[in-house]
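To be precise, the following lines are run14.csv, and they hold CSV, C-alpha atoms.
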```csv
chain,number,residue,atom,x,y,z
A,752,MET,CA,-16.7,-18.0,1.2
A,753,HIS,CA,-16.5,-21.7,1.5
A,754,TYR,CA,-18.7,-24.7,2.0
A,755,ILE,CA,-19.0,-25.5,5.7
A,756,GLY,CA,-16.4,-28.1,6.7
A,757,GLN,CA,-14.0,-27.0,4.0
A,758,THR,CA,-10.9,-24.9,4.5
A,759,HIS,CA,-10.3,-23.6,1.0
A,760,THR,CA,-12.1,-20.5,0.0
A,761,VAL,CA,-13.2,-18.7,-3.1
A,762,ALA,CA,-13.6,-15.0,-3.7
A,763,VAL,CA,-17.2,-14.2,-4.4
A,764,PRO,CA,-17.9,-10.8,-6.0
A,765,LEU,CA,-21.4,-9.5,-5.3
A,766,PRO,CA,-23.5,-7.4,-7.7
A,767,VAL,CA,-24.0,-4.4,-5.5
A,768,SER,CA,-26.1,-1.4,-6.2
A,769,VAL,CA,-27.5,1.0,-3.6
A,770,GLU,CA,-31.2,1.5,-3.5
A,771,ASN,CA,-33.7,3.0,-1.1
A,772,ASN,CA,-36.2,0.5,0.2
A,773,GLY,CA,-38.4,3.1,1.7
A,774,THR,CA,-38.4,1.9,5.3
A,775,THR,CA,-34.8,1.6,6.6
A,776,GLY,CA,-33.1,3.8,4.1
A,777,PRO,CA,-30.4,2.9,1.6
A,778,THR,CA,-29.6,-0.8,1.1
A,779,THR,CA,-27.4,-2.9,-1.2
A,780,GLY,CA,-30.3,-5.1,-2.3
A,781,ILE,CA,-28.2,-8.2,-1.5
A,782,ASP,CA,-30.1,-11.1,0.1
A,783,GLU,CA,-29.3,-14.7,1.0
A,784,ALA,CA,-30.4,-16.0,-2.5
A,785,THR,CA,-28.1,-13.5,-4.3
A,786,ILE,CA,-25.2,-14.4,-2.1
A,787,ARG,CA,-25.8,-18.2,-2.6
A,788,ALA,CA,-26.0,-17.7,-6.4
A,789,ALA,CA,-22.8,-15.7,-6.5
A,790,PHE,CA,-21.0,-18.3,-4.3
A,791,GLU,CA,-22.1,-21.1,-6.5
A,792,ARG,CA,-20.9,-19.3,-9.7
A,793,ALA,CA,-17.5,-18.7,-8.1
A,794,TYR,CA,-17.2,-22.2,-6.7
A,795,GLN,CA,-18.3,-23.8,-10.0
A,796,ALA,CA,-15.7,-21.7,-11.9
A,797,SER,CA,-12.9,-22.8,-9.5
A,798,PHE,CA,-13.7,-26.4,-8.9
A,799,SER,CA,-16.1,-27.5,-11.8
A,800,ARG,CA,-18.7,-28.8,-9.4
A,801,LEU,CA,-21.0,-27.9,-6.6
A,802,LEU,CA,-21.9,-29.6,-3.3
A,803,PRO,CA,-25.7,-29.6,-3.2
A,804,GLY,CA,-27.2,-29.6,0.3
A,805,VAL,CA,-24.0,-28.3,2.0
A,806,GLY,CA,-24.2,-24.9,3.7
A,807,ALA,CA,-21.9,-22.1,2.7
A,808,LYS,CA,-20.2,-19.6,5.0
A,809,ILE,CA,-18.9,-16.1,4.5
A,810,VAL,CA,-15.3,-16.2,5.9
A,811,ASN,CA,-14.2,-12.6,5.1
A,812,LEU,CA,-16.2,-9.7,4.0
A,813,ARG,CA,-14.4,-6.9,2.1
A,814,THR,CA,-16.1,-3.7,1.0
A,815,ALA,CA,-15.0,-0.7,-1.0
A,816,ALA,CA,-16.7,2.7,-1.2
A,817,VAL,CA,-16.1,5.2,-4.0
A,818,GLY,CA,-17.0,8.8,-3.4
A,819,ARG,CA,-15.8,12.3,-3.6
A,820,ARG,CA,-13.9,13.9,-0.7
A,821,PRO,CA,-13.3,17.6,-0.1
A,822,HIS,CA,-10.1,18.9,-1.5
A,823,PHE,CA,-7.1,18.3,0.8
A,824,ASP,CA,-3.9,20.2,0.4
A,825,LEU,CA,-1.3,17.4,0.5
A,826,SER,CA,1.5,19.9,0.9
A,827,ALA,CA,0.3,20.2,4.5
A,828,LEU,CA,2.0,16.9,5.0
A,829,ALA,CA,5.4,18.2,3.8
A,830,PRO,CA,8.2,18.8,6.2
A,831,ALA,CA,7.8,21.9,8.4
A,832,ALA,CA,9.4,25.1,7.2
A,833,GLY,CA,12.7,25.9,8.8
A,834,THR,CA,14.2,22.4,8.5
A,835,THR,CA,17.6,22.1,6.9
A,836,VAL,CA,19.7,19.4,5.3
A,837,GLU,CA,22.4,20.1,7.8
A,838,GLY,CA,19.9,19.7,10.7
A,839,ALA,CA,18.7,16.3,9.2
A,840,TYR,CA,22.3,15.1,9.1
A,841,ALA,CA,22.8,12.3,11.6
A,842,GLY,CA,26.4,11.3,10.9
A,843,SER,CA,28.0,8.8,8.6
A,844,ARG,CA,29.1,5.1,8.5
A,845,PRO,CA,30.9,2.8,6.0
A,846,VAL,CA,28.5,1.0,3.7
A,847,TRP,CA,29.4,-1.7,1.1
A,848,PHE,CA,28.5,-0.6,-2.5
A,849,ASP,CA,29.8,-2.1,-5.7
A,850,GLY,CA,32.6,-4.2,-4.2
A,851,ALA,CA,34.0,-1.5,-1.9
A,852,TRP,CA,33.3,0.4,1.4
A,853,HIS,CA,32.0,4.0,1.0
A,854,GLU,CA,31.7,6.5,3.8
A,855,THR,CA,28.0,7.1,3.6
A,856,ALA,CA,26.0,10.1,5.0
A,857,VAL,CA,23.0,9.3,7.2
A,858,TYR,CA,20.0,11.6,7.4
A,859,ASN,CA,16.9,11.7,9.5
A,860,ARG,CA,14.5,11.5,6.5
A,861,LEU,CA,11.6,13.2,8.1
A,862,ASP,CA,13.7,16.2,8.9
A,863,LEU,CA,14.8,16.9,5.3
A,864,PRO,CA,13.2,20.1,4.0
A,865,VAL,CA,11.2,20.5,0.8
A,866,GLY,CA,13.6,20.9,-2.1
A,867,ALA,CA,16.5,19.1,-0.4
A,868,VAL,CA,18.8,17.1,-2.7
A,869,VAL,CA,21.0,14.5,-1.1
A,870,GLN,CA,23.7,12.9,-3.3
A,871,GLY,CA,24.4,9.2,-2.9
A,872,PRO,CA,25.8,7.4,-1.2
A,873,ALA,CA,23.4,8.2,1.6
A,874,ILE,CA,21.0,6.5,3.9
A,875,LEU,CA,17.7,8.1,4.8
A,876,GLU,CA,16.3,6.8,8.1
A,877,GLN,CA,12.8,7.1,9.5
A,878,PRO,CA,10.9,5.1,12.2
A,879,ASP,CA,9.2,2.8,9.7
A,880,ALA,CA,11.7,2.6,6.8
A,881,THR,CA,15.2,3.0,5.6
A,882,THR,CA,16.0,4.3,2.1
A,883,VAL,CA,19.5,3.5,0.7
A,884,ILE,CA,20.7,6.0,-2.0
A,885,ASP,CA,23.4,4.3,-4.1
A,886,PRO,CA,26.5,6.3,-5.1
A,887,ASP,CA,25.2,7.0,-8.6
A,888,LEU,CA,21.8,8.2,-7.4
A,889,SER,CA,20.4,11.3,-5.7
A,890,ALA,CA,17.3,11.8,-3.5
A,891,ARG,CA,15.1,14.9,-3.8
A,892,VAL,CA,12.3,15.9,-1.5
A,893,ASP,CA,9.3,17.2,-3.5
A,894,GLY,CA,6.7,19.8,-2.4
A,895,PHE,CA,4.6,17.1,-0.7
A,896,GLY,CA,7.5,15.6,1.3
A,897,ASN,CA,7.9,12.6,-1.0
A,898,VAL,CA,11.5,11.4,-1.6
A,899,ILE,CA,12.2,11.1,-5.4
A,900,VAL,CA,15.2,8.9,-6.1
A,901,GLU,CA,16.9,9.6,-9.5
A,902,ARG,CA,20.1,8.9,-11.4
A,903,SER,CA,22.6,11.7,-10.6
A,904,ALA,CA,23.5,14.1,-13.3
A,905,ARG,CA,27.2,14.1,-12.3
```

In structure tokens, what does this structure look like?
Amino acid sequence: MHYIGQTHTVAVPLPVSVENNGTTGPTTGIDEATIRAAFERAYQASFSRLLPGVGAKIVNLRTAAVGRRPHFDLSALAPAAGTTVEGAYAGSRPVWFDGAWHETAVYNRLDLPVGAVVQGPAILEQPDATTVIDPDLSARVDGFGNVIVERSAR
């Protein structure tokens, strides 16, 4: 929130509790007076003063909800059965590590199967990210499809 005419804002936490008002159903119980009081507390804490008579404005409103969701088996997001490390291999290229060029294997990261272990140096490519595995590291795909990078036990 900020005072109208200002550009700097303050975060204003609101004391929210859900209650049933009997006519329109559940409500947060937040009204204009509650918002104004919370804004003035936050502004006073940040700037050690208030601007009486100046209107305040909500610039952004962020909410969070906490609840319980039904169980979801995250292993359903893991790579499909039947994929292989060999099938994920996309070639190699020289990459500079520790002061020298190393021929480095390149893999399509989303095609690596569960349980795959790739020794560095390696590059795991996917549409939104590239993971570089240094020569002294290895990458392992866990049961959920996550890549775990660890120091190699060579």

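The closest residue to Ala788 of chain A, picked from A:Pro821, A:Pro764, A:Gly866, A:Gly850 and counting all atoms listed in the file, is A:Pro764.
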
Within 9 Å of Asn897 of chain A, counting only C-alpha atoms, which residues show up once you throw out same-chain ones fewer than 5 positions away? Write them as a PDB file with C-alpha atoms, keeping the file's coordinate frame, please.
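Writing the result to selection.pdb gives the following:
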```pdb
ATOM      1  CA  ALA A 829       5.400  18.200   3.800  1.00  0.00           C
ATOM      2  CA  VAL A 865      11.200  20.500   0.800  1.00  0.00           C
ATOM      3  CA  ARG A 891      15.100  14.900  -3.800  1.00  0.00           C
ATOM      4  CA  VAL A 892      12.300  15.900  -1.500  1.00  0.00           C
TER       5      VAL A 892
END
```

Expressed in Å to a single decimal, how great is the separation between atom CA of Gly838 of chain A and atom CA of Tyr858 of chain A?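 These two atoms are separated by 8.7 Å.
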
With distances taken over all atoms listed in the file, the candidate from A:Leu828, A:Ser889, A:Trp847, A:Ile755 nearest Leu861 of chain A is A:Leu828

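Comparing the minimum interatomic distances between Leu802 of chain A and each of A:His759, A:Arg844, A:Arg820, A:His753, counting all atoms listed in the file, we find that A:His753 sits nearest.
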